[in-house]
$ cat my_file.cif   # mmCIF, C-alpha atoms and all ligand atoms
data_input
#
loop_
_atom_site.label_atom_id
_atom_site.label_comp_id
_atom_site.auth_asym_id
_atom_site.auth_seq_id
_atom_site.Cartn_x
_atom_site.Cartn_y
_atom_site.Cartn_z
CA MET I 880 -5.80 12.46 21.84
CA THR I 881 -2.21 13.38 21.29
CA PRO I 882 -1.18 16.03 23.77
CA GLY I 883 0.13 19.28 22.39
CA ALA I 884 -1.33 18.88 18.94
CA HIS I 885 -4.01 21.36 17.95
CA ALA I 886 -6.46 20.13 15.41
CA SER I 887 -8.05 22.16 12.69
CA SER I 888 -11.06 20.77 10.86
CA THR I 889 -11.89 17.08 11.00
CA GLU I 890 -13.07 15.01 8.06
CA ARG I 891 -15.07 11.86 8.55
CA LEU I 892 -15.01 9.10 5.97
CA GLN I 893 -17.04 5.91 6.05
CA ILE I 894 -15.26 2.57 5.65
CA GLU I 895 -17.86 0.06 4.58
CA ALA I 896 -16.34 -1.44 1.45
CA GLU I 897 -13.00 -2.08 -0.19
CA ALA I 898 -13.54 0.98 -2.38
CA ASP I 899 -13.67 3.13 0.78
CA VAL I 900 -10.13 2.01 1.65
CA VAL I 901 -8.99 3.62 -1.59
CA VAL I 902 -10.95 6.81 -0.81
CA VAL I 903 -9.37 7.09 2.67
CA ARG I 904 -5.81 6.55 1.51
CA ARG I 905 -6.19 9.00 -1.39
CA ARG I 906 -7.56 11.67 0.92
CA ALA I 907 -4.78 11.02 3.46
CA ARG I 908 -2.27 11.44 0.64
CA GLU I 909 -3.85 14.73 -0.49
CA LEU I 910 -3.81 16.11 3.04
CA ALA I 911 -0.19 15.03 3.59
CA ILE I 912 0.89 16.74 0.38
CA ALA I 913 -1.08 19.87 1.32
CA GLN I 914 0.70 19.87 4.70
CA GLY I 915 4.07 19.92 2.93
CA PHE I 916 5.11 16.38 3.81
CA ASP I 917 8.16 15.12 1.90
CA ALA I 918 7.66 12.18 -0.47
CA PHE I 919 8.79 9.59 2.11
CA ALA I 920 6.42 10.91 4.77
CA VAL I 921 3.57 11.08 2.23
CA ALA I 922 4.12 7.44 1.30
CA ALA I 923 4.40 6.40 4.95
CA ILE I 924 1.15 7.99 6.14
CA THR I 925 -0.70 6.96 2.98
CA THR I 926 0.32 3.35 3.41
CA ALA I 927 -0.56 3.37 7.12
CA ALA I 928 -3.97 4.83 6.20
CA SER I 929 -4.49 2.05 3.70
CA GLU I 930 -3.50 -0.74 6.11
CA LEU I 931 -5.56 0.58 9.02
CA SER I 932 -8.68 1.30 7.00
CA ARG I 933 -8.36 -2.12 5.41
CA ASN I 934 -8.32 -3.63 8.90
CA VAL I 935 -11.46 -1.66 9.80
CA TRP I 936 -13.15 -3.05 6.74
CA CYS I 937 -12.01 -6.66 6.86
CA HIS I 938 -11.52 -7.33 10.61
CA GLY I 939 -13.69 -4.67 12.24
CA GLY I 940 -16.79 -5.18 10.14
CA GLY I 941 -16.65 -1.60 8.85
CA GLY I 942 -16.47 1.73 10.61
CA HIS I 943 -15.06 5.13 9.84
CA ALA I 944 -11.92 7.22 9.68
CA LEU I 945 -11.35 10.72 11.07
CA LEU I 946 -8.70 12.73 9.27
CA GLU I 947 -7.37 15.98 10.65
CA THR I 948 -4.48 18.30 10.13
CA VAL I 949 -2.75 19.34 13.34
CA SER I 950 -0.17 21.88 14.36
CA ASP I 951 2.03 22.34 17.37
CA ALA I 952 4.73 24.92 18.01
CA GLY I 953 5.31 25.67 14.35
CA ARG I 954 5.25 22.13 13.08
CA VAL I 955 2.38 20.61 11.16
CA GLY I 956 1.15 17.08 10.94
CA LEU I 957 -1.67 14.74 10.18
CA ARG I 958 -3.70 12.78 12.71
CA LEU I 959 -5.78 9.86 11.55
CA ARG I 960 -8.20 7.81 13.60
CA PHE I 961 -9.71 4.50 12.57
CA ILE I 962 -12.78 3.49 14.47
CA ASP I 963 -14.89 0.37 14.38
CA GLU I 964 -17.32 -1.44 16.65
CA GLY I 965 -16.20 -4.88 15.60
CA PRO I 966 -14.90 -7.81 17.65
CA GLY I 967 -11.83 -6.01 19.00
CA ILE I 968 -8.35 -7.51 19.03
CA ALA I 969 -8.16 -10.40 21.47
CA ASP I 970 -4.39 -10.71 21.68
CA LEU I 971 -3.05 -7.23 21.08
CA GLU I 972 0.56 -8.11 21.83
CA LEU I 973 0.50 -10.86 19.24
CA ALA I 974 -1.25 -8.66 16.67
CA LEU I 975 1.33 -5.90 17.14
CA ARG I 976 4.30 -8.23 17.00
CA GLY I 977 3.82 -8.65 13.27
CA GLY I 978 3.98 -11.65 10.99
CA CYS I 979 0.80 -12.93 12.53
CA SER I 980 -2.60 -12.84 10.89
CA THR I 981 -5.99 -14.28 11.74
CA GLY I 982 -6.56 -14.29 8.01
CA ARG I 983 -4.28 -15.81 5.39
CA SER I 984 -2.21 -12.73 5.02
CA LEU I 985 1.25 -11.44 5.89
CA GLY I 986 0.17 -9.83 9.15
CA LEU I 987 2.34 -6.78 8.62
CA GLY I 988 -0.43 -4.18 8.59
CA LEU I 989 -0.52 -3.21 12.26
CA SER I 990 3.15 -3.65 13.15
CA GLY I 991 4.24 -2.04 9.88
CA SER I 992 1.91 0.94 10.26
CA ARG I 993 3.24 1.55 13.75
CA ARG I 994 6.78 1.85 12.34
CA LEU I 995 5.65 4.30 9.66
CA VAL I 996 4.23 6.97 11.99
CA ASP I 997 5.47 9.16 14.85
CA ALA I 998 2.78 8.22 17.36
CA PHE I 999 0.50 5.21 17.50
CA HIS I 1000 -2.26 4.60 20.05
CA ILE I 1001 -4.63 1.70 20.11
CA GLU I 1002 -7.68 1.06 22.20
CA THR I 1003 -9.51 -2.18 21.84
CA SER I 1004 -11.79 -4.32 23.90
CA PRO I 1005 -13.40 -7.64 23.05
CA GLY I 1006 -16.86 -7.21 21.59
CA GLU I 1007 -16.73 -3.43 21.67
CA GLY I 1008 -14.44 -2.50 18.88
CA THR I 1009 -11.13 -0.90 18.07
CA THR I 1010 -9.88 2.65 17.77
CA ILE I 1011 -6.42 3.33 16.39
CA GLU I 1012 -4.92 6.80 16.29
CA VAL I 1013 -1.79 7.64 14.36
CA LEU I 1014 0.07 10.91 14.07
CA LYS I 1015 2.77 11.95 11.67
CA TRP I 1016 4.62 15.25 11.54
CA ALA I 1017 6.04 16.91 8.45
CA ARG I 1018 9.76 16.32 8.83
CA PHE I 1019 11.27 19.28 7.04
CA PRO I 1020 9.51 22.55 7.86
CA HIS I 1021 9.59 25.14 5.11
CA MET K 474 -12.74 0.87 -15.98
CA SER K 475 -10.79 0.05 -19.13
CA SER K 476 -8.63 -3.06 -19.24
CA ILE K 477 -4.98 -3.12 -18.23
CA PRO K 478 -2.70 -2.11 -21.10
CA ILE K 479 -0.16 -4.77 -21.99
CA LEU K 480 2.44 -3.49 -24.43
CA ARG K 481 5.06 -5.27 -26.47
CA ILE K 482 8.57 -3.93 -26.55
CA ARG K 483 11.57 -5.63 -28.18
CA GLY K 484 9.92 -9.01 -27.89
CA HIS K 485 8.98 -8.55 -24.23
CA LEU K 486 5.68 -7.80 -22.52
CA LEU K 487 5.55 -4.44 -20.72
CA VAL K 488 2.82 -3.62 -18.23
CA PRO K 489 2.64 -0.02 -17.00
CA VAL K 490 1.09 0.10 -13.55
CA GLN K 491 -1.25 2.97 -12.55
CA PRO K 492 -0.67 5.33 -9.58
CA ASP K 493 -3.15 3.74 -7.19
CA LEU K 494 -4.49 0.23 -7.65
CA SER K 495 -7.70 -0.81 -5.97
CA ASP K 496 -7.87 -4.47 -4.97
CA GLU K 497 -10.13 -5.13 -7.92
CA VAL K 498 -7.79 -3.53 -10.43
CA VAL K 499 -4.64 -5.16 -9.10
CA ASN K 500 -6.34 -8.56 -9.09
CA ARG K 501 -7.46 -8.04 -12.67
CA LEU K 502 -3.98 -6.96 -13.61
CA GLN K 503 -2.68 -10.28 -12.28
CA ASN K 504 -5.26 -12.25 -14.28
CA ASP K 505 -4.76 -10.29 -17.47
CA VAL K 506 -0.98 -10.53 -17.33
CA LEU K 507 -0.97 -14.28 -16.71
CA GLU K 508 -3.50 -14.82 -19.48
CA ALA K 509 -1.49 -12.67 -21.86
CA ILE K 510 1.58 -14.75 -21.07
CA ALA K 511 -0.26 -18.02 -21.66
CA GLY K 512 -1.72 -16.72 -24.90
CA GLU K 513 1.49 -15.32 -26.36
CA ARG K 514 2.72 -17.17 -29.40
CA ASP K 515 6.19 -15.70 -29.08
CA ARG K 516 7.41 -17.43 -25.93
CA SER K 517 10.94 -16.08 -25.89
CA GLY K 518 10.53 -12.66 -24.29
CA GLY K 519 10.28 -11.67 -20.66
CA LEU K 520 7.81 -9.63 -18.63
CA LEU K 521 8.43 -6.11 -17.35
CA LEU K 522 6.11 -4.73 -14.67
CA ASP K 523 6.73 -0.98 -14.78
CA ILE K 524 5.83 0.35 -11.34
CA SER K 525 7.51 3.74 -11.76
CA GLY K 526 4.06 5.35 -11.82
CA LEU K 527 2.86 3.54 -8.69
CA GLN K 528 2.40 6.17 -5.98
CA ILE K 529 0.44 4.29 -3.36
CA VAL K 530 1.12 0.83 -2.05
CA ASP K 531 0.09 -1.19 0.88
CA THR K 532 1.07 -4.75 1.66
CA TYR K 533 -1.93 -6.04 -0.31
CA VAL K 534 -0.96 -4.30 -3.54
CA ALA K 535 2.72 -5.12 -3.06
CA ARG K 536 1.94 -8.76 -2.48
CA VAL K 537 -0.28 -9.13 -5.54
CA LEU K 538 2.40 -7.50 -7.72
CA ALA K 539 5.16 -9.66 -6.25
CA ASP K 540 2.97 -12.76 -6.62
CA THR K 541 2.29 -11.84 -10.24
CA ALA K 542 6.04 -11.72 -10.88
CA SER K 543 6.53 -15.10 -9.17
CA MET K 544 3.63 -16.65 -11.07
CA ALA K 545 4.93 -15.37 -14.39
CA ALA K 546 8.36 -16.73 -13.52
CA LEU K 547 6.78 -20.12 -12.70
CA MET K 548 5.17 -20.05 -16.14
CA GLY K 549 8.61 -19.68 -17.61
CA ARG K 550 8.67 -15.93 -18.21
CA ARG K 551 11.66 -14.11 -16.93
CA THR K 552 10.10 -11.25 -14.98
CA VAL K 553 11.43 -7.93 -13.73
CA LEU K 554 9.70 -5.40 -11.45
CA CYS K 555 10.97 -2.07 -12.78
CA GLY K 556 11.20 1.44 -11.40
CA MET K 557 10.03 1.28 -7.80
CA ARG K 558 10.09 4.81 -6.39
CA PRO K 559 12.44 5.43 -3.47
CA GLU K 560 9.65 6.31 -1.05
CA ILE K 561 7.76 3.15 -1.94
CA ALA K 562 10.87 1.01 -1.39
CA ALA K 563 11.51 2.75 1.93
CA THR K 564 7.92 2.28 3.08
CA LEU K 565 7.80 -1.42 2.25
CA VAL K 566 11.12 -2.15 3.94
CA GLN K 567 10.11 -0.17 7.04
CA MET K 568 7.01 -2.31 7.25
CA GLY K 569 9.14 -5.41 7.08
CA TYR K 570 8.03 -6.40 3.59
CA LEU K 571 11.13 -7.24 1.59
CA LEU K 572 9.72 -8.70 -1.66
CA GLU K 573 12.27 -11.47 -1.52
CA GLY K 574 12.79 -13.55 -4.61
CA VAL K 575 11.49 -10.89 -6.98
CA CYS K 576 13.84 -9.64 -9.67
CA THR K 577 13.96 -5.83 -9.74
CA ALA K 578 15.53 -3.10 -11.86
CA LEU K 579 15.95 0.65 -11.46
CA ASP K 580 13.86 1.40 -14.55
CA VAL K 581 12.50 -0.19 -17.71
CA ASP K 582 15.79 0.45 -19.55
CA ASP K 583 17.72 -1.53 -16.95
CA GLY K 584 14.99 -4.16 -16.95
CA LEU K 585 15.38 -4.58 -20.70
CA ASP K 586 19.15 -4.91 -20.26
CA LEU K 587 18.58 -7.57 -17.61
CA LEU K 588 16.29 -9.54 -19.88
CA GLY K 589 18.59 -9.15 -22.86
CA LEU K 590 17.43 -9.88 -26.37
CA PRO K 591 14.63 -12.44 -26.68
CA ARG K 592 16.10 -15.90 -26.79
N1 LIG V 1101 -9.84 -3.27 13.48
C1 LIG V 1101 -9.61 -4.54 13.89
N2 LIG V 1101 -10.59 -5.27 14.50
C2 LIG V 1101 -10.37 -6.55 14.88
N3 LIG V 1101 -9.19 -7.19 14.70
C3 LIG V 1101 -8.19 -6.54 14.11
C4 LIG V 1101 -8.33 -5.18 13.66
N4 LIG V 1101 -7.15 -4.79 13.11
C5 LIG V 1101 -6.32 -5.85 13.21
N5 LIG V 1101 -6.93 -6.90 13.80
C6 LIG V 1101 -6.32 -8.21 14.13
O1 LIG V 1101 -4.92 -8.05 14.18
C7 LIG V 1101 -4.28 -8.96 13.29
C8 LIG V 1101 -3.06 -8.29 12.71
O2 LIG V 1101 -3.44 -7.21 11.86
P1 LIG V 1101 -2.52 -6.87 10.63
O3 LIG V 1101 -3.12 -5.75 9.85
O4 LIG V 1101 -1.14 -6.69 11.15
O5 LIG V 1101 -2.56 -8.22 9.79
P2 LIG V 1101 -3.66 -8.74 8.76
O6 LIG V 1101 -4.70 -7.70 8.52
O7 LIG V 1101 -4.16 -10.07 9.25
O8 LIG V 1101 -2.81 -8.97 7.49
P3 LIG V 1101 -2.26 -7.85 6.48
O9 LIG V 1101 -2.63 -6.51 7.03
O10 LIG V 1101 -0.77 -8.05 6.39
O11 LIG V 1101 -2.94 -8.14 5.18
C9 LIG V 1101 -5.33 -9.32 12.26
O12 LIG V 1101 -5.10 -10.60 11.70
C10 LIG V 1101 -6.62 -9.27 13.09
O13 LIG V 1101 -6.80 -10.50 13.76
MG MG V 1102 -4.23 -5.79 7.96
#

$ encode --input "my_file.cif" --output "structure tokens"
Amino acid sequence: MTPGAHASSTERLQIEAEADVVVVRRRARELAIAQGFDAFAVAAITTAASELSRNVWCHGGGGHALLETVSDAGRVGLRLRFIDEGPGIADLELALRGGCSTGRSLGLGLSGSRRLVDAFHIETSPGEGTTIEVLKWARFPH
Amino acid sequence: MSSIPILRIRGHLLVPVQPDLSDEVVNRLQNDVLEAIAGERDRSGGLLLDISGLQIVDTYVARVLADTASMAALMGRRTVLCGMRPEIAATLVQMGYLLEGVCTALDVDDGLDLLGLPR
């Protein structure tokens, strides 16, 4: 959990199919807009949501996402968690370096998502699964 | 879901892209566009992919769109990706995805200027 961020309600969305990736990113976008995120921050968190839920679906064997709005000392943000009980990430350093994929892809999902958010935590262990938490704050309070 | 609209404008093919493309839809868009190109009798025009309406991208969607442009170019169609929103451009570059080798224009107007009149 991110220290200092108080969560309001939490939404749980299943990620069992490609269509669920679309559902998660659309909901993340709606929440970001509702939180008053500027267009760049909306795009950033939406794209991170898409990449990370896609990873849950295609590498983690499915799982779920937890979406919650958070606030701290007058600022508001969005915290997203992506949870699966898949194989875990064997070489985390390599996976986070970017440009490296166990599939036939670009391998920019993890490293790119990390650059798009304000906080990024990952917990993974072989055979037990992966949990990734990202947090993004609205940049321009109004 | 209805099929992807492919319009004709001044001798060119124009494909308006929806706000959020599922994998299935973006893959079908690629197929439909390439088939439309192959089936066109008028071979002189170019291809404009209008992404000004695209609100949500990830590297999958971006790659299929960029690949579609490269494939169309390989088939001999001059191709321009038009109207990428600023926040989409910023997001892709921050992720390290630069869409190298793809011809781009600020909007469809500029894309049409780039393509010029059909040869
Ligand atoms: N939830 C997960 N469970 C298991 N392995 C994962 C998970 N997420 C990522 N990985 C591993 O980390 C690697 C890097 O992930 P990343 O999203 O950066 O690239 P990718 O998914 O392979 O390609 P891209 O996202 O560019 O299409 C993956 O190839 C995969 O091996
Ligand atoms: Mg990925």

$ atom_distance --input "my_file.cif" --atom1 "atom CA of Tyr533 of chain K" --atom2 "atom CA of Thr552 of chain K"
19.7 Å

$ atom_distance --input "my_file.cif" --atom1 "atom CA of Leu571 of chain K" --atom2 "atom CA of Gly986 of chain I"
13.6 Å

$ residues_around --input "my_file.cif" --residues "Ser980 of chain I" --least-positions-apart "5" --cutoff "12 Å" --atoms "only C-alpha atoms" --output "VMD selection string"
chain I and resid 934 937 to 938 968 970 to 971 973 to 975 985 to 990

$ residues_near_point --input "my_file.cif" --point "(1.2, 8.0, 18.0)" --cutoff "6 Å" --atoms "all atoms listed in the file" --output "PyMOL selection string"
chain I and resi 997-1000+1013-1014

$ residues_around --input "my_file.cif" --residues "Ala511 of chain K" --least-positions-apart "3" --cutoff "10 Å" --atoms "all atoms listed in the file" --output "list in words"
Asp505, Val506, Leu507, Glu508, Arg514, Arg516, Ala545, Met548, Gly549 and Arg550 of chain K

$ axis_aligned_box --input "my_file.cif" --around "ligand LIG 1101 (chain V)" --padding-each-side "4 Å" --output "AutoDock Vina command-line options"
--center_x -5.7 --center_y -6.9 --center_z 10.0 --size_x 17.8 --size_y 15.3 --size_z 17.7

$ closest_residue --input "my_file.cif" --among "I:Arg993, I:Lys1015, I:His943, I:Arg908" --to "ligand MG 1102 (chain V)" --atoms "all atoms listed in the file"
I:Arg993

$ build_atoms --input "my_file.cif" --residues "segment 551-566 of chain K" --atoms "N, CA, C and O atoms" --output "JSON list (two decimals), in the coordinates of the input"
[["chain", "number", "residue", "atom", "x", "y", "z"],
["K", 551, "ARG", "N", 10.77, -14.90, -17.78],
["K", 551, "ARG", "CA", 11.66, -14.11, -16.93],
["K", 551, "ARG", "C", 10.95, -12.78, -16.65],
["K", 551, "ARG", "O", 10.42, -12.15, -17.56],
["K", 552, "THR", "N", 10.93, -12.38, -15.39],
["K", 552, "THR", "CA", 10.10, -11.25, -14.98],
["K", 552, "THR", "C", 10.90, -10.26, -14.16],
["K", 552, "THR", "O", 11.65, -10.63, -13.27],
["K", 553, "VAL", "N", 10.73, -8.98, -14.48],
["K", 553, "VAL", "CA", 11.43, -7.93, -13.73],
["K", 553, "VAL", "C", 10.43, -6.86, -13.29],
["K", 553, "VAL", "O", 9.63, -6.37, -14.08],
["K", 554, "LEU", "N", 10.50, -6.50, -12.01],
["K", 554, "LEU", "CA", 9.70, -5.40, -11.45],
["K", 554, "LEU", "C", 10.56, -4.15, -11.60],
["K", 554, "LEU", "O", 11.63, -4.05, -11.01],
["K", 555, "CYS", "N", 10.10, -3.19, -12.42],
["K", 555, "CYS", "CA", 10.97, -2.07, -12.78],
["K", 555, "CYS", "C", 10.51, -0.75, -12.17],
["K", 555, "CYS", "O", 9.32, -0.42, -12.21],
["K", 556, "GLY", "N", 11.45, 0.02, -11.67],
["K", 556, "GLY", "CA", 11.20, 1.44, -11.40],
["K", 556, "GLY", "C", 10.52, 1.76, -10.09],
["K", 556, "GLY", "O", 9.85, 2.81, -9.99],
["K", 557, "MET", "N", 10.68, 0.94, -9.07],
["K", 557, "MET", "CA", 10.03, 1.28, -7.80],
["K", 557, "MET", "C", 10.57, 2.61, -7.27],
["K", 557, "MET", "O", 11.78, 2.83, -7.20],
["K", 558, "ARG", "N", 9.68, 3.51, -6.92],
["K", 558, "ARG", "CA", 10.09, 4.81, -6.39],
["K", 558, "ARG", "C", 10.78, 4.64, -5.05],
["K", 558, "ARG", "O", 10.44, 3.74, -4.28],
["K", 559, "PRO", "N", 11.71, 5.55, -4.73],
["K", 559, "PRO", "CA", 12.44, 5.43, -3.47],
["K", 559, "PRO", "C", 11.54, 5.41, -2.24],
["K", 559, "PRO", "O", 11.75, 4.62, -1.31],
["K", 560, "GLU", "N", 10.50, 6.26, -2.24],
["K", 560, "GLU", "CA", 9.65, 6.31, -1.05],
["K", 560, "GLU", "C", 8.80, 5.05, -0.88],
["K", 560, "GLU", "O", 8.43, 4.68, 0.23],
["K", 561, "ILE", "N", 8.52, 4.39, -2.01],
["K", 561, "ILE", "CA", 7.76, 3.15, -1.94],
["K", 561, "ILE", "C", 8.67, 2.04, -1.40],
["K", 561, "ILE", "O", 8.27, 1.25, -0.53],
["K", 562, "ALA", "N", 9.91, 2.00, -1.90],
["K", 562, "ALA", "CA", 10.87, 1.01, -1.39],
["K", 562, "ALA", "C", 11.09, 1.20, 0.10],
["K", 562, "ALA", "O", 11.07, 0.24, 0.89],
["K", 563, "ALA", "N", 11.26, 2.46, 0.51],
["K", 563, "ALA", "CA", 11.51, 2.75, 1.93],
["K", 563, "ALA", "C", 10.33, 2.31, 2.78],
["K", 563, "ALA", "O", 10.49, 1.70, 3.85],
["K", 564, "THR", "N", 9.12, 2.62, 2.31],
["K", 564, "THR", "CA", 7.92, 2.28, 3.08],
["K", 564, "THR", "C", 7.78, 0.77, 3.25],
["K", 564, "THR", "O", 7.52, 0.28, 4.36],
["K", 565, "LEU", "N", 7.97, 0.04, 2.16],
["K", 565, "LEU", "CA", 7.80, -1.42, 2.25],
["K", 565, "LEU", "C", 8.83, -2.04, 3.18],
["K", 565, "LEU", "O", 8.51, -2.91, 3.99],
["K", 566, "VAL", "N", 10.07, -1.57, 3.09],
["K", 566, "VAL", "CA", 11.12, -2.15, 3.94],
["K", 566, "VAL", "C", 10.87, -1.79, 5.41],
["K", 566, "VAL", "O", 11.01, -2.63, 6.30]]
